[in-house]
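The file target.cif contains mmCIF, C-alpha atoms, pLDDT in the B column; chains and numbers go by the auth columns:
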```
data_data
#
loop_
_atom_site.group_PDB
_atom_site.id
_atom_site.type_symbol
_atom_site.label_atom_id
_atom_site.label_comp_id
_atom_site.label_asym_id
_atom_site.label_seq_id
_atom_site.Cartn_x
_atom_site.Cartn_y
_atom_site.Cartn_z
_atom_site.B_iso_or_equiv
_atom_site.auth_seq_id
_atom_site.auth_asym_id
ATOM 1 C CA MET A 1 0.000 0.000 0.000 43.00 1451 A
ATOM 2 C CA ARG A 2 2.793 2.436 0.879 44.00 1452 A
ATOM 3 C CA LEU A 3 4.532 1.620 -2.397 41.00 1453 A
ATOM 4 C CA ARG A 4 1.412 2.320 -4.460 44.00 1454 A
ATOM 5 C CA THR A 5 0.828 5.577 -2.617 42.00 1455 A
ATOM 6 C CA LYS A 6 4.392 6.751 -3.227 41.00 1456 A
ATOM 7 C CA LEU A 7 4.287 5.836 -6.924 42.00 1457 A
ATOM 8 C CA GLY A 8 0.940 7.575 -7.355 44.00 1458 A
ATOM 9 C CA ALA A 9 2.258 10.737 -5.737 42.00 1459 A
ATOM 10 C CA LEU A 10 5.353 10.606 -7.942 41.00 1460 A
ATOM 11 C CA LEU A 11 3.314 10.352 -11.149 41.00 1461 A
ATOM 12 C CA VAL A 12 0.989 13.176 -10.065 40.00 1462 A
ATOM 13 C CA ALA A 13 4.011 15.365 -9.335 42.00 1463 A
ATOM 14 C CA LEU A 14 5.578 14.595 -12.708 42.00 1464 A
ATOM 15 C CA CYS A 15 2.376 15.339 -14.600 42.00 1465 A
ATOM 16 C CA GLY A 16 1.788 18.492 -12.592 41.00 1466 A
ATOM 17 C CA ALA A 17 5.299 19.690 -13.397 40.00 1467 A
ATOM 18 C CA SER A 18 4.538 19.688 -17.139 42.00 1468 A
ATOM 19 C CA PRO A 19 1.885 22.396 -17.727 39.00 1469 A
ATOM 20 C CA GLY A 20 3.250 22.903 -21.236 42.00 1470 A
ATOM 21 C CA LEU A 21 1.332 19.831 -22.441 35.00 1471 A
ATOM 22 C CA ALA A 22 -1.943 21.724 -22.295 34.00 1472 A
ATOM 23 C CA GLU A 23 -0.639 25.135 -23.329 39.00 1473 A
ATOM 24 C CA GLU A 24 0.625 26.494 -26.631 43.00 1474 A
ATOM 25 C CA ALA A 25 3.155 29.315 -26.591 42.00 1475 A
ATOM 26 C CA ASN A 26 2.914 32.178 -29.055 44.00 1476 A
ATOM 27 C CA TYR A 27 6.103 31.467 -30.990 50.00 1477 A
ATOM 28 C CA GLY A 28 5.697 34.187 -33.610 55.00 1478 A
ATOM 29 C CA ALA A 29 4.173 37.546 -34.350 56.00 1479 A
ATOM 30 C CA ASN A 30 0.502 37.923 -35.349 64.00 1480 A
ATOM 31 C CA GLY A 31 -0.445 34.817 -33.398 75.00 1481 A
ATOM 32 C CA ILE A 32 1.556 32.549 -35.723 81.00 1482 A
ATOM 33 C CA ILE A 33 3.171 29.516 -34.123 85.00 1483 A
ATOM 34 C CA SER A 34 6.451 29.108 -35.998 90.00 1484 A
ATOM 35 C CA PRO A 35 7.376 25.464 -36.689 93.00 1485 A
ATOM 36 C CA THR A 36 11.047 26.442 -36.569 92.00 1486 A
ATOM 37 C CA VAL A 37 10.900 27.911 -33.067 91.00 1487 A
ATOM 38 C CA ALA A 38 8.635 25.076 -31.904 91.00 1488 A
ATOM 39 C CA TRP A 39 11.169 22.538 -33.203 92.00 1489 A
ATOM 40 C CA LYS A 40 14.065 24.270 -31.445 91.00 1490 A
ATOM 41 C CA GLU A 41 12.191 24.385 -28.142 90.00 1491 A
ATOM 42 C CA THR A 42 11.155 20.735 -28.412 90.00 1492 A
ATOM 43 C CA TRP A 43 14.705 19.615 -29.255 91.00 1493 A
ATOM 44 C CA SER A 44 16.112 21.708 -26.408 91.00 1494 A
ATOM 45 C CA GLU A 45 13.680 20.065 -24.010 89.00 1495 A
ATOM 46 C CA VAL A 46 14.618 16.585 -25.252 89.00 1496 A
ATOM 47 C CA LEU A 47 18.318 17.284 -24.663 91.00 1497 A
ATOM 48 C CA THR A 48 17.623 18.807 -21.252 90.00 1498 A
ATOM 49 C CA ASP A 49 15.543 15.835 -20.138 87.00 1499 A
ATOM 50 C CA ILE A 50 18.100 13.301 -21.330 87.00 1500 A
ATOM 51 C CA THR A 51 20.917 15.187 -19.617 92.00 1501 A
ATOM 52 C CA VAL A 52 19.104 15.644 -16.298 89.00 1502 A
ATOM 53 C CA ILE A 53 17.939 12.020 -16.131 86.00 1503 A
ATOM 54 C CA GLY A 54 21.379 10.751 -17.118 88.00 1504 A
ATOM 55 C CA VAL A 55 23.172 12.861 -14.513 93.00 1505 A
ATOM 56 C CA VAL A 56 20.739 11.909 -11.726 88.00 1506 A
ATOM 57 C CA PHE A 57 20.923 8.183 -12.370 86.00 1507 A
ATOM 58 C CA ALA A 58 24.690 8.278 -12.904 92.00 1508 A
ATOM 59 C CA ALA A 59 25.112 10.075 -9.563 94.00 1509 A
ATOM 60 C CA ILE A 60 22.935 7.491 -7.801 88.00 1510 A
ATOM 61 C CA ALA A 61 24.868 4.614 -9.384 89.00 1511 A
ATOM 62 C CA ILE A 62 28.252 6.128 -8.416 93.00 1512 A
ATOM 63 C CA TYR A 63 27.059 6.764 -4.855 90.00 1513 A
ATOM 64 C CA LEU A 64 25.885 3.162 -4.437 84.00 1514 A
ATOM 65 C CA LEU A 65 29.083 1.770 -5.946 84.00 1515 A
ATOM 66 C CA ILE A 66 31.225 3.793 -3.533 84.00 1516 A
ATOM 67 C CA LYS A 67 29.097 3.231 -0.429 82.00 1517 A
ATOM 68 C CA TYR A 68 28.791 -0.532 -0.804 79.00 1518 A
ATOM 69 C CA ARG A 69 32.153 -1.284 -2.382 78.00 1519 A
ATOM 70 C CA ALA A 70 34.439 -4.060 -1.136 75.00 1520 A
ATOM 71 C CA THR A 71 37.426 -2.520 0.664 76.00 1521 A
ATOM 72 C CA SER A 72 39.798 -5.493 0.239 77.00 1522 A
ATOM 73 C CA PRO A 73 40.161 -8.490 -2.108 78.00 1523 A
ATOM 74 C CA ASN A 74 38.556 -10.856 0.438 78.00 1524 A
ATOM 75 C CA ALA A 75 35.893 -8.449 1.654 74.00 1525 A
ATOM 76 C CA VAL A 76 32.236 -8.642 0.722 71.00 1526 A
ATOM 77 C CA GLY A 77 30.074 -5.620 0.023 66.00 1527 A
ATOM 78 C CA THR A 78 28.047 -4.296 2.956 66.00 1528 A
ATOM 79 C CA ALA A 79 24.750 -3.789 1.165 68.00 1529 A
ATOM 80 C CA THR A 80 21.791 -5.318 2.994 75.00 1530 A
ATOM 81 C CA LYS A 81 19.343 -7.548 1.204 80.00 1531 A
ATOM 82 C CA LEU A 82 16.309 -5.611 -0.030 81.00 1532 A
ATOM 83 C CA SER A 83 12.830 -6.542 1.085 86.00 1533 A
ATOM 84 C CA LEU A 84 10.277 -7.331 -1.607 89.00 1534 A
ATOM 85 C CA ASP A 85 8.583 -3.920 -1.531 89.00 1535 A
ATOM 86 C CA LYS A 86 11.930 -2.097 -1.697 86.00 1536 A
ATOM 87 C CA ALA A 87 13.115 -4.259 -4.581 88.00 1537 A
ATOM 88 C CA ILE A 88 9.890 -3.555 -6.479 91.00 1538 A
ATOM 89 C CA ALA A 89 10.215 0.167 -5.706 90.00 1539 A
ATOM 90 C CA TRP A 90 13.792 0.259 -7.015 84.00 1540 A
ATOM 91 C CA ALA A 91 12.544 -1.330 -10.251 88.00 1541 A
ATOM 92 C CA LEU A 92 9.303 0.599 -10.724 91.00 1542 A
ATOM 93 C CA VAL A 93 10.278 4.121 -9.642 88.00 1543 A
ATOM 94 C CA PRO A 94 13.009 4.542 -12.307 84.00 1544 A
ATOM 95 C CA ALA A 95 10.697 2.933 -14.875 88.00 1545 A
ATOM 96 C CA ALA A 96 7.910 5.355 -13.889 89.00 1546 A
ATOM 97 C CA LEU A 97 10.275 8.302 -14.234 83.00 1547 A
ATOM 98 C CA PHE A 98 11.365 7.237 -17.697 84.00 1548 A
ATOM 99 C CA MET A 99 7.812 6.473 -18.851 88.00 1549 A
ATOM 100 C CA ALA A 100 6.437 9.786 -17.557 87.00 1550 A
ATOM 101 C CA ASP A 101 9.168 11.673 -19.383 85.00 1551 A
ATOM 102 C CA ASP A 102 8.629 9.613 -22.545 86.00 1552 A
ATOM 103 C CA PHE A 103 4.894 10.376 -22.521 89.00 1553 A
ATOM 104 C CA MET A 104 5.596 14.073 -22.090 87.00 1554 A
ATOM 105 C CA LEU A 105 8.093 14.148 -24.963 87.00 1555 A
ATOM 106 C CA ALA A 106 5.728 12.129 -27.168 88.00 1556 A
ATOM 107 C CA ALA A 107 3.006 14.705 -26.526 90.00 1557 A
ATOM 108 C CA LYS A 108 5.462 17.481 -27.382 88.00 1558 A
ATOM 109 C CA GLY A 109 6.361 15.709 -30.629 88.00 1559 A
ATOM 110 C CA TRP A 110 2.705 15.313 -31.571 90.00 1560 A
ATOM 111 C CA THR A 111 2.096 19.020 -30.905 90.00 1561 A
ATOM 112 C CA LEU A 112 5.081 19.896 -33.094 91.00 1562 A
ATOM 113 C CA TRP A 113 3.768 17.670 -35.901 91.00 1563 A
ATOM 114 C CA ASN A 114 0.377 19.411 -35.774 90.00 1564 A
ATOM 115 C CA ILE A 115 2.070 22.817 -35.971 91.00 1565 A
ATOM 116 C CA GLN A 116 4.053 21.718 -39.033 90.00 1566 A
ATOM 117 C CA ARG A 117 0.894 20.413 -40.757 90.00 1567 A
ATOM 118 C CA THR A 118 -1.362 23.416 -40.024 89.00 1568 A
ATOM 119 C CA VAL A 119 -0.763 26.127 -42.631 91.00 1569 A
ATOM 120 C CA PRO A 120 -1.865 29.688 -41.709 90.00 1570 A
ATOM 121 C CA ALA A 121 -4.607 31.167 -43.877 86.00 1571 A
ATOM 122 C CA ASN A 122 -2.569 34.131 -45.172 88.00 1572 A
ATOM 123 C CA ALA A 123 0.448 32.114 -46.348 92.00 1573 A
ATOM 124 C CA LEU A 124 2.253 32.959 -49.565 94.00 1574 A
ATOM 125 C CA GLU A 125 2.075 29.903 -51.849 95.00 1575 A
ATOM 126 C CA VAL A 126 5.029 28.840 -53.973 96.00 1576 A
ATOM 127 C CA THR A 127 5.286 25.678 -56.072 96.00 1577 A
ATOM 128 C CA VAL A 128 8.663 23.944 -55.865 97.00 1578 A
ATOM 129 C CA THR A 129 9.605 21.624 -58.716 96.00 1579 A
ATOM 130 C CA ALA A 130 12.582 19.328 -58.223 96.00 1580 A
ATOM 131 C CA SER A 131 14.467 17.811 -61.143 95.00 1581 A
ATOM 132 C CA GLN A 132 17.879 16.193 -61.383 93.00 1582 A
ATOM 133 C CA TRP A 133 19.579 18.305 -60.083 92.00 1583 A
ATOM 134 C CA SER A 134 17.943 21.637 -59.340 95.00 1584 A
ATOM 135 C CA PHE A 135 14.962 23.340 -57.710 96.00 1585 A
ATOM 136 C CA GLU A 136 12.602 25.716 -59.524 96.00 1586 A
ATOM 137 C CA PHE A 137 10.296 28.088 -57.610 96.00 1587 A
ATOM 138 C CA ASP A 138 7.004 29.098 -59.268 95.00 1588 A
ATOM 139 C CA TYR A 139 5.080 32.054 -57.828 95.00 1589 A
ATOM 140 C CA GLY A 140 2.307 31.932 -60.426 90.00 1590 A
ATOM 141 C CA ASN A 141 1.574 34.437 -63.239 87.00 1591 A
ATOM 142 C CA GLY A 142 4.655 33.215 -65.081 89.00 1592 A
ATOM 143 C CA VAL A 143 7.071 34.181 -62.276 92.00 1593 A
ATOM 144 C CA LYS A 144 9.713 31.471 -61.879 93.00 1594 A
ATOM 145 C CA ASP A 145 13.191 31.601 -60.415 94.00 1595 A
ATOM 146 C CA ASP A 146 15.989 29.359 -59.190 94.00 1596 A
ATOM 147 C CA THR A 147 16.178 31.376 -55.925 95.00 1597 A
ATOM 148 C CA LEU A 148 13.466 31.244 -53.288 96.00 1598 A
ATOM 149 C CA VAL A 149 12.682 34.816 -52.258 96.00 1599 A
ATOM 150 C CA VAL A 150 10.113 35.323 -49.484 96.00 1600 A
ATOM 151 C CA PRO A 151 8.832 38.266 -47.426 96.00 1601 A
ATOM 152 C CA VAL A 152 9.706 38.648 -43.757 94.00 1602 A
ATOM 153 C CA GLY A 153 6.680 38.486 -41.486 90.00 1603 A
ATOM 154 C CA GLN A 154 4.481 36.320 -43.717 93.00 1604 A
ATOM 155 C CA PRO A 155 4.166 32.528 -43.561 94.00 1605 A
ATOM 156 C CA VAL A 156 5.168 30.685 -46.725 95.00 1606 A
ATOM 157 C CA VAL A 157 3.724 27.361 -47.875 95.00 1607 A
ATOM 158 C CA LEU A 158 5.671 25.352 -50.438 96.00 1608 A
ATOM 159 C CA ARG A 159 3.889 22.862 -52.724 96.00 1609 A
ATOM 160 C CA LEU A 160 6.490 20.218 -53.491 96.00 1610 A
ATOM 161 C CA VAL A 161 6.556 18.162 -56.701 96.00 1611 A
ATOM 162 C CA SER A 162 9.196 16.109 -58.522 96.00 1612 A
ATOM 163 C CA THR A 163 9.585 15.440 -62.236 95.00 1613 A
ATOM 164 C CA ASP A 164 11.807 12.373 -61.975 93.00 1614 A
ATOM 165 C CA VAL A 165 12.982 10.677 -58.750 95.00 1615 A
ATOM 166 C CA ILE A 166 12.478 11.157 -55.014 96.00 1616 A
ATOM 167 C CA HIS A 167 14.195 14.284 -53.705 96.00 1617 A
ATOM 168 C CA SER A 168 14.063 15.836 -50.242 96.00 1618 A
ATOM 169 C CA PHE A 169 13.658 19.558 -49.605 96.00 1619 A
ATOM 170 C CA GLY A 170 15.833 20.465 -46.624 95.00 1620 A
ATOM 171 C CA LEU A 171 15.521 23.992 -45.204 94.00 1621 A
ATOM 172 C CA VAL A 172 18.472 23.668 -42.847 90.00 1622 A
ATOM 173 C CA ASP A 173 18.244 26.959 -40.951 92.00 1623 A
ATOM 174 C CA TYR A 174 14.474 26.619 -40.597 94.00 1624 A
ATOM 175 C CA ARG A 175 14.783 23.040 -39.271 93.00 1625 A
ATOM 176 C CA LEU A 176 12.364 21.635 -41.847 94.00 1626 A
ATOM 177 C CA LYS A 177 12.491 18.806 -44.371 94.00 1627 A
ATOM 178 C CA GLU A 178 9.954 17.187 -46.684 94.00 1628 A
ATOM 179 C CA ASP A 179 10.209 14.704 -49.558 95.00 1629 A
ATOM 180 C CA LEU A 180 9.330 15.489 -53.165 95.00 1630 A
ATOM 181 C CA VAL A 181 7.782 12.382 -54.696 95.00 1631 A
ATOM 182 C CA PRO A 182 6.896 11.878 -58.395 95.00 1632 A
ATOM 183 C CA GLY A 183 3.120 11.876 -58.916 94.00 1633 A
ATOM 184 C CA ARG A 184 2.388 13.407 -55.525 94.00 1634 A
ATOM 185 C CA VAL A 185 2.113 16.934 -54.095 95.00 1635 A
ATOM 186 C CA ASN A 186 3.591 17.328 -50.602 95.00 1636 A
ATOM 187 C CA HIS A 187 3.898 20.534 -48.647 94.00 1637 A
ATOM 188 C CA LEU A 188 5.758 22.290 -45.871 94.00 1638 A
ATOM 189 C CA TRP A 189 5.496 25.782 -44.494 95.00 1639 A
ATOM 190 C CA PHE A 190 7.792 28.101 -42.602 95.00 1640 A
ATOM 191 C CA TYR A 191 7.726 31.525 -41.042 94.00 1641 A
ATOM 192 C CA PRO A 192 10.613 33.875 -41.920 94.00 1642 A
ATOM 193 C CA ASP A 193 10.671 36.237 -38.948 90.00 1643 A
ATOM 194 C CA LYS A 194 13.833 38.151 -39.860 92.00 1644 A
ATOM 195 C CA PRO A 195 15.937 38.972 -42.940 95.00 1645 A
ATOM 196 C CA LEU A 196 18.124 35.983 -43.687 94.00 1646 A
ATOM 197 C CA GLU A 197 20.014 34.509 -46.611 95.00 1647 A
ATOM 198 C CA THR A 198 20.412 30.778 -46.317 94.00 1648 A
ATOM 199 C CA PHE A 199 20.028 27.754 -48.597 95.00 1649 A
ATOM 200 C CA VAL A 200 17.971 24.667 -49.312 95.00 1650 A
ATOM 201 C CA THR A 201 19.635 21.379 -50.149 95.00 1651 A
ATOM 202 C CA CYS A 202 18.447 17.992 -51.328 96.00 1652 A
ATOM 203 C CA MET A 203 18.658 15.558 -48.407 94.00 1653 A
ATOM 204 C CA GLU A 204 17.787 12.364 -50.300 92.00 1654 A
ATOM 205 C CA PHE A 205 20.367 10.759 -52.603 95.00 1655 A
ATOM 206 C CA CYS A 206 19.021 11.321 -56.096 93.00 1656 A
ATOM 207 C CA GLY A 207 21.847 10.507 -58.499 92.00 1657 A
ATOM 208 C CA ASP A 208 25.274 11.677 -59.593 92.00 1658 A
ATOM 209 C CA GLY A 209 24.552 15.390 -59.122 93.00 1659 A
ATOM 210 C CA HIS A 210 22.939 15.054 -55.682 95.00 1660 A
ATOM 211 C CA ALA A 211 25.730 16.965 -53.895 93.00 1661 A
ATOM 212 C CA ARG A 212 25.215 19.967 -56.205 93.00 1662 A
ATOM 213 C CA MET A 213 21.439 20.130 -55.744 95.00 1663 A
ATOM 214 C CA ASN A 214 20.904 23.241 -53.666 95.00 1664 A
ATOM 215 C CA ALA A 215 19.451 26.724 -54.019 96.00 1665 A
ATOM 216 C CA THR A 216 19.601 30.085 -52.275 96.00 1666 A
ATOM 217 C CA VAL A 217 16.774 31.131 -49.947 96.00 1667 A
ATOM 218 C CA LYS A 218 16.343 34.846 -49.190 95.00 1668 A
ATOM 219 C CA ALA A 219 13.975 36.300 -46.601 96.00 1669 A
ATOM 220 C CA VAL A 220 13.720 40.025 -47.351 96.00 1670 A
ATOM 221 C CA PRO A 221 11.590 42.920 -46.049 96.00 1671 A
ATOM 222 C CA LYS A 222 8.052 43.009 -47.448 94.00 1672 A
ATOM 223 C CA ALA A 223 8.705 46.125 -49.545 94.00 1673 A
ATOM 224 C CA ASP A 224 11.768 44.538 -51.153 95.00 1674 A
ATOM 225 C CA PHE A 225 9.825 41.352 -51.884 95.00 1675 A
ATOM 226 C CA ASP A 226 6.964 43.278 -53.491 94.00 1676 A
ATOM 227 C CA ALA A 227 9.435 45.139 -55.696 94.00 1677 A
ATOM 228 C CA TRP A 228 11.188 41.874 -56.647 94.00 1678 A
ATOM 229 C CA LEU A 229 7.883 40.182 -57.481 93.00 1679 A
ATOM 230 C CA ALA A 230 6.650 43.150 -59.548 92.00 1680 A
ATOM 231 C CA SER A 231 9.908 43.201 -61.506 90.00 1681 A
ATOM 232 C CA HIS A 232 9.693 39.475 -62.256 90.00 1682 A
ATOM 233 C CA LYS A 233 6.030 39.767 -63.264 88.00 1683 A
ATOM 234 C CA LYS A 234 6.981 42.503 -65.720 87.00 1684 A
ATOM 235 C CA LYS A 235 9.770 40.361 -67.171 85.00 1685 A
ATOM 236 C CA ALA A 236 7.392 37.397 -67.439 79.00 1686 A
ATOM 237 C CA SER A 237 4.792 39.456 -69.299 79.00 1687 A
ATOM 238 C CA LEU A 238 7.400 40.785 -71.740 75.00 1688 A
ATOM 239 C CA SER A 239 8.690 37.287 -72.441 68.00 1689 A
ATOM 240 C CA ILE A 240 5.261 35.923 -73.462 57.00 1690 A
ATOM 241 C CA PRO A 241 5.051 35.933 -77.286 57.00 1691 A
ATOM 242 C CA ASN A 242 2.194 37.862 -78.871 52.00 1692 A
ATOM 243 C CA THR A 243 0.577 35.051 -80.825 46.00 1693 A
ATOM 244 C CA TYR A 244 -2.210 37.281 -82.191 44.00 1694 A
ATOM 245 C CA ALA A 245 0.225 39.753 -83.715 43.00 1695 A
ATOM 246 C CA SER A 246 2.238 36.926 -85.181 42.00 1696 A
ATOM 247 C CA ALA A 247 -0.860 35.403 -86.713 43.00 1697 A
ATOM 248 C CA ALA A 248 -1.918 38.708 -88.247 45.00 1698 A
ATOM 249 C CA ALA A 249 1.506 39.278 -89.772 44.00 1699 A
ATOM 250 C CA ALA A 250 1.695 35.811 -91.263 40.00 1700 A
ATOM 251 C CA PRO A 251 1.084 35.670 -95.024 43.00 1701 A
ATOM 252 C CA SER A 252 -2.126 33.993 -96.151 44.00 1702 A
ATOM 253 C CA LEU A 253 -1.897 30.825 -98.191 38.00 1703 A
#
```
What does the file become when written as structure tokens?
Amino acid sequence: MRLRTKLGALLVALCGASPGLAEEANYGANGIISPTVAWKETWSEVLTDITVIGVVFAAIAIYLLIKYRATSPNAVGTATKLSLDKAIAWALVPAALFMADDFMLAAKGWTLWNIQRTVPANALEVTVTASQWSFEFDYGNGVKDDTLVVPVGQPVVLRLVSTDVIHSFGLVDYRLKEDLVPGRVNHLWFYPDKPLETFVTCMEFCGDGHARMNATVKAVPKADFDAWLASHKKKASLSIPNTYASAAAAPSL
């Protein structure tokens, strides 16, 4: 009975010490929960938990080894035989600690997954086409580029397609990765919260040129992005051939 009471109190304390399971922090401006910041916080918590648990159990093991060590070759350790309830406690309490922490981290991982799959309503949409061995970024209205340019302060959703083999879109600095699969449209989204020039690289071996398959990613102020997009729209409109004029100028047969 005492053992069950102690274990119950321990589990209640562990669960009560993790209010973050039921709360969502505001990781970004405008109420946007950034998957990048959420990933960093989750990973930091995983490392912290592993370190704390490892140090605690290592300290206990070292203490027991020193306290009950044999002091001479013919000596026998001085540890007393454990009663049944103490033996069960020594087995179940560490197991309960590990399981409670595992459940908490699993819940954190599930929350992170939901954040990564929930695209904000006002996201800029860009289609990413992967081919051996390059990425092309399509903004619509004929605007295409080999550099991904996005505005700071607006979420960006990428529609991912492949023309040949399986590639993997790895936004290293944003801590995001998603596969590009032939015949399927995948997606990922990210929130550029500050000006940054980084890169995307293919993280799935896709042939001889795999190591060269990367592209520049630029997060720029909104005004600069609008100017860049307007300039590319103008270039796209000038590059479209005037088929009506060509037809009128063609000689009749």
With a cut-off of 8 Å, could you pull out the residues of stretch 1606-1686 of chain A touching stretch 1485-1498 of chain A and give me the nearest pair of atoms for each, distance in Å to one decimal, using all atoms listed in the file, ordered by chain and ascending number, as JSON lines?
```
{"residue": "A:Tyr1624", "atom": "CA", "partner": "A:Thr1486", "partner_atom": "CA", "distance": 5.3}
{"residue": "A:Arg1625", "atom": "CA", "partner": "A:Thr1486", "partner_atom": "CA", "distance": 5.7}
{"residue": "A:Leu1626", "atom": "CA", "partner": "A:Thr1486", "partner_atom": "CA", "distance": 7.3}
{"residue": "A:Phe1640", "atom": "CA", "partner": "A:Pro1485", "partner_atom": "CA", "distance": 6.5}
{"residue": "A:Tyr1641", "atom": "CA", "partner": "A:Pro1485", "partner_atom": "CA", "distance": 7.5}
```
Reference answer for the PyMOL selection byres ((chain A and resi 1616) around 9), as a list in words: Ala1580, Ser1612, Thr1613, Asp1614, Val1615, His1617, Ser1618, Asp1629, Leu1630, Val1631, Pro1632, Glu1654, Phe1655 and Cys1656 of chain A
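The closest residue to A:Arg1567, picked from A:Trp1639, A:Trp1583, A:Phe1553, A:Phe1649 and counting all atoms listed in the file, is A:Trp1639.
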Test item: the PyMOL selection byres ((chain A and resi 1564) around 12) resolved as a ChimeraX atom specification: /A:1474,1483-1485,1488-1489,1557-1563,1565-1569,1638-1639
Find the spatial neighbours of A:Arg1609, counting all atoms listed in the file, within a cut-off of 6 Å - ignore same-chain residues fewer than 6 positions away - and output them as a PDB file with C-alpha atoms, in the frame of the given file.
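Below is the file out.pdb, written as the result:
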```pdb
ATOM      1  CA  THR A1577       5.286  25.678 -56.072  1.00 96.00           C
ATOM      2  CA  VAL A1578       8.663  23.944 -55.865  1.00 97.00           C
ATOM      3  CA  ASN A1636       3.591  17.328 -50.602  1.00 95.00           C
ATOM      4  CA  HIS A1637       3.898  20.534 -48.647  1.00 94.00           C
TER       5      HIS A1637
END
```
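For A:Thr1651, the list of residues within 8 Å, based on all atoms listed in the file and with local chain neighbours fewer than 4 positions off taken out, reads Ser1618, Phe1619, Gly1620, Leu1621, Val1622, Met1663, Asn1664 and Ala1665 of chain A.
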Residue nearest A:Phe1675 - candidates A:Val1600, A:Ala1556, A:Leu1515, A:Val1526, atoms counted: all atoms listed in the file: A:Val1600
